[in-house]
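Colleague: Below you'll find the structure I mean.
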Amino acid sequence: MTSYESIKSSIALDFKEYMEQEGLNVSQVSAKTLEEDWRVVNDSSFTRTLYIITIALESLKYKEIADFIHARLDRYTRNMTFGEHIDNNDIEKLLQDIETCKLLINRTDEYKIRETTNSTKSRVEYILGLSVD
């Protein structure tokens with residue numbers, strides 16, 4: 001499994017690179033990140049939650065969030081069970097990020113939800129449904 005810090009750094013770098021250098025918007029970066037990293041995303045409940053929460057936090061820095069991420073936040077901010085093979089320090093960091101995300105997402109006047117196409121939503125649903133052999 002990839003480490004907590006490396007996943008967070010990778011997602012932050014994706015946002016910076018894809019938005020600032022390639023001109024993509026928050027929704028496009030969110031979908032592209034999930035698509036490119038699908039194996040790591042689907043490795044465990046922990047990594048999937050980490051990806052969704054970190055994408056949400058990075059998105060909110062840009063004052064918007066993809067509708068397909070926003071729609072999943074309730075489920076992922078309630079996820080508190082990650083399995084025994086996860087480092088307790090990583091779990092604690094993720095739980096702190098979840099609490100931060102809950103606080104920020106409740107400030108609905110500080111960001112907008114970017115609507116995406118049905119094909120984007122379907123693609124993300126498909127990606128999140130893949131299993132790693």
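Letters A, B, ... mark the chains of the structure tokens in the order given; residue numbers begin at 1 per chain; ligand numbers begin at 1, in order shown.
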Check the DSSP output for the backbone and give back, as a list of chain:residue names, the residues of segment 66-132 of chain A in strand (DSSP E or B).
Modeller: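 Put together, the selection reads A:Ala66, A:Lys112, A:Ile113, A:Arg114.
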Colleague: Next, dump the selected residues to file, keeping only N, CA and C atoms, as a PDB file, in the first residue's frame.
Modeller:
```
ATOM      1  N   ALA A  66     -16.281  19.032  -7.398  1.00  0.00           N
ATOM      2  CA  ALA A  66     -17.026  18.265  -8.404  1.00  0.00           C
ATOM      3  C   ALA A  66     -18.270  17.656  -7.769  1.00  0.00           C
ATOM      4  N   LYS A 112     -18.562  26.475  -4.753  1.00  0.00           N
ATOM      5  CA  LYS A 112     -19.661  26.054  -5.607  1.00  0.00           C
ATOM      6  C   LYS A 112     -19.469  24.598  -6.000  1.00  0.00           C
ATOM      7  N   ILE A 113     -20.566  23.953  -6.294  1.00  0.00           N
ATOM      8  CA  ILE A 113     -20.534  22.572  -6.759  1.00  0.00           C
ATOM      9  C   ILE A 113     -20.546  22.609  -8.280  1.00  0.00           C
ATOM     10  N   ARG A 114     -19.488  22.069  -8.879  1.00  0.00           N
ATOM     11  CA  ARG A 114     -19.376  22.072 -10.338  1.00  0.00           C
ATOM     12  C   ARG A 114     -20.090  20.843 -10.898  1.00  0.00           C
TER      13      ARG A 114
END
```
Colleague: I want to know what sits within 7 Å of segment 108-111 of chain A, based on only C-alpha atoms, with residues of the same chain fewer than 2 positions away left out; could you give that as a list in words?
Modeller: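 What passes the distance filter is Leu60, Lys63, Glu64, Ile105, Asn106 and Ile113 of chain A.
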Colleague: Give the answer as one residue: which of A:Glu115, A:Glu58, A:Glu36, A:Asp87 has the shortest atom-to-atom distance to Cys101 of chain A, using only C-alpha atoms?
Modeller: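 Among the listed residues, A:Glu58 lies closest to Cys101 of chain A.
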Colleague: Need to verify the contact set: segment 4-15 of chain A, 9 Å, only C-alpha atoms, exclusion of same-chain residues closer than 3 positions in sequence. Can you return it as a list in words?
Modeller: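 Contacts, with the query itself left out: Tyr18, Met19, Glu20, Leu24, Asn25, Val26, Val29, Ser30, Lys32, Thr33, Val40, Thr47, Leu50, Tyr51, Thr54, Ile55, Glu58, Ser59, Asp90, Ile91, Lys93 and Leu94 of chain A.
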Colleague: Which residues are near Val41 of chain A? Cut-off 9 Å, only C-alpha atoms, ignore same chain within fewer than 5 positions. Put them as an mmCIF file with N, CA, C and O atoms, in the first residue's frame.
Modeller:
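Below you can see around.cif, which holds the result:
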```cif
data_model
loop_
_atom_site.group_PDB
_atom_site.id
_atom_site.type_symbol
_atom_site.label_atom_id
_atom_site.label_comp_id
_atom_site.auth_asym_id
_atom_site.auth_seq_id
_atom_site.Cartn_x
_atom_site.Cartn_y
_atom_site.Cartn_z
ATOM 1 N N LEU A 34 -8.593 10.171 -10.135
ATOM 2 C CA LEU A 34 -9.190 8.872 -9.808
ATOM 3 C C LEU A 34 -8.913 7.852 -10.915
ATOM 4 O O LEU A 34 -8.622 6.682 -10.634
ATOM 5 N N GLU A 35 -8.996 8.299 -12.153
ATOM 6 C CA GLU A 35 -8.775 7.396 -13.274
ATOM 7 C C GLU A 35 -7.320 6.929 -13.341
ATOM 8 O O GLU A 35 -7.051 5.744 -13.526
ATOM 9 N N PHE A 46 -9.493 2.288 3.242
ATOM 10 C CA PHE A 46 -8.679 3.402 3.706
ATOM 11 C C PHE A 46 -8.230 4.280 2.534
ATOM 12 O O PHE A 46 -8.401 5.495 2.570
ATOM 13 N N THR A 47 -7.644 3.655 1.499
ATOM 14 C CA THR A 47 -7.133 4.469 0.389
ATOM 15 C C THR A 47 -8.268 5.148 -0.373
ATOM 16 O O THR A 47 -8.124 6.289 -0.796
ATOM 17 N N ARG A 48 -9.383 4.473 -0.530
ATOM 18 C CA ARG A 48 -10.507 5.087 -1.222
ATOM 19 C C ARG A 48 -11.006 6.309 -0.439
ATOM 20 O O ARG A 48 -11.249 7.368 -1.010
ATOM 21 N N THR A 49 -11.147 6.157 0.867
ATOM 22 C CA THR A 49 -11.576 7.281 1.701
ATOM 23 C C THR A 49 -10.552 8.403 1.646
ATOM 24 O O THR A 49 -10.912 9.576 1.507
ATOM 25 N N LEU A 50 -9.280 8.058 1.721
ATOM 26 C CA LEU A 50 -8.216 9.059 1.649
ATOM 27 C C LEU A 50 -8.274 9.830 0.338
ATOM 28 O O LEU A 50 -8.160 11.061 0.330
ATOM 29 N N TYR A 51 -8.474 9.146 -0.766
ATOM 30 C CA TYR A 51 -8.569 9.829 -2.065
ATOM 31 C C TYR A 51 -9.759 10.777 -2.105
ATOM 32 O O TYR A 51 -9.624 11.940 -2.495
ATOM 33 N N ILE A 52 -10.917 10.310 -1.731
ATOM 34 C CA ILE A 52 -12.120 11.146 -1.801
ATOM 35 C C ILE A 52 -11.989 12.363 -0.894
ATOM 36 O O ILE A 52 -12.270 13.505 -1.310
ATOM 37 N N ILE A 127 -14.904 3.529 -12.219
ATOM 38 C CA ILE A 127 -13.558 3.501 -11.645
ATOM 39 C C ILE A 127 -13.611 3.083 -10.177
ATOM 40 O O ILE A 127 -12.832 2.240 -9.731
ATOM 41 N N LEU A 128 -14.534 3.665 -9.429
ATOM 42 C CA LEU A 128 -14.633 3.352 -8.004
ATOM 43 C C LEU A 128 -15.184 1.941 -7.754
ATOM 44 O O LEU A 128 -15.091 1.441 -6.637
#
```
Colleague: What's the separation between atom CA of Arg39 of chain A and atom CA of Leu130 of chain A, in Å to one decimal place?
Modeller: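 Atom-to-atom, atom CA of Arg39 of chain A to atom CA of Leu130 of chain A, that is 8.2 Å.
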Colleague: Using backbone DSSP assignments, extract all alpha helix (DSSP H) residues from segment 4-35 of chain A; output them as a list of chain:residue names.
Modeller: A:Tyr4, A:Glu5, A:Ser6, A:Ile7, A:Lys8, A:Ser9, A:Ser10, A:Ile11, A:Ala12, A:Leu13, A:Asp14, A:Phe15, A:Lys16, A:Val26, A:Ser27, A:Gln28, A:Val29, A:Ser30, A:Ala31, A:Lys32, A:Thr33, A:Leu34, A:Glu35
Colleague: Considering only C-alpha atoms, state which residue in the set A:Thr117, A:Thr77, A:Ser131, A:Ser27 is at the smallest distance from Thr100 of chain A.
Modeller: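 Using only C-alpha atoms, Thr100 of chain A sits closest to A:Thr77.
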Colleague: Taking into account only C-alpha atoms, which residue in the set A:Arg78, A:Leu57, A:Thr116, A:Glu92 is nearest to Leu104 of chain A?
Modeller: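 Between A:Arg78, A:Leu57, A:Thr116, A:Glu92, the residue approaching Leu104 of chain A most closely is A:Leu57.
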Colleague: Using only C-alpha atoms, which residue out of A:Trp38, A:Ile86, A:Asp97, A:Ala31 lies closest to Ser119 of chain A?
Modeller: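 Of all the options, A:Ala31 lies closest to Ser119 of chain A.
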Colleague: Ranking A:Gln28, A:Asn88, A:Ser45, A:Thr120 by minimum distance to Arg75 of chain A and counting only C-alpha atoms, which one comes first?
Modeller: A:Ser45
Colleague: Between atom CA of Gly23 of chain A and atom CA of Glu125 of chain A, what is the distance in Å, rounded to a tenth?
Modeller: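 Rounded to one decimal, the two atoms are 24.1 Å apart.
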Colleague: Identify which of the residues A:Gly129, A:Phe68, A:Glu99, A:Glu17 lies closest to Met80 of chain A, counting only C-alpha atoms when measuring atom-to-atom distances.
Modeller: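 So, comparing all the options, the nearest one is A:Glu99.
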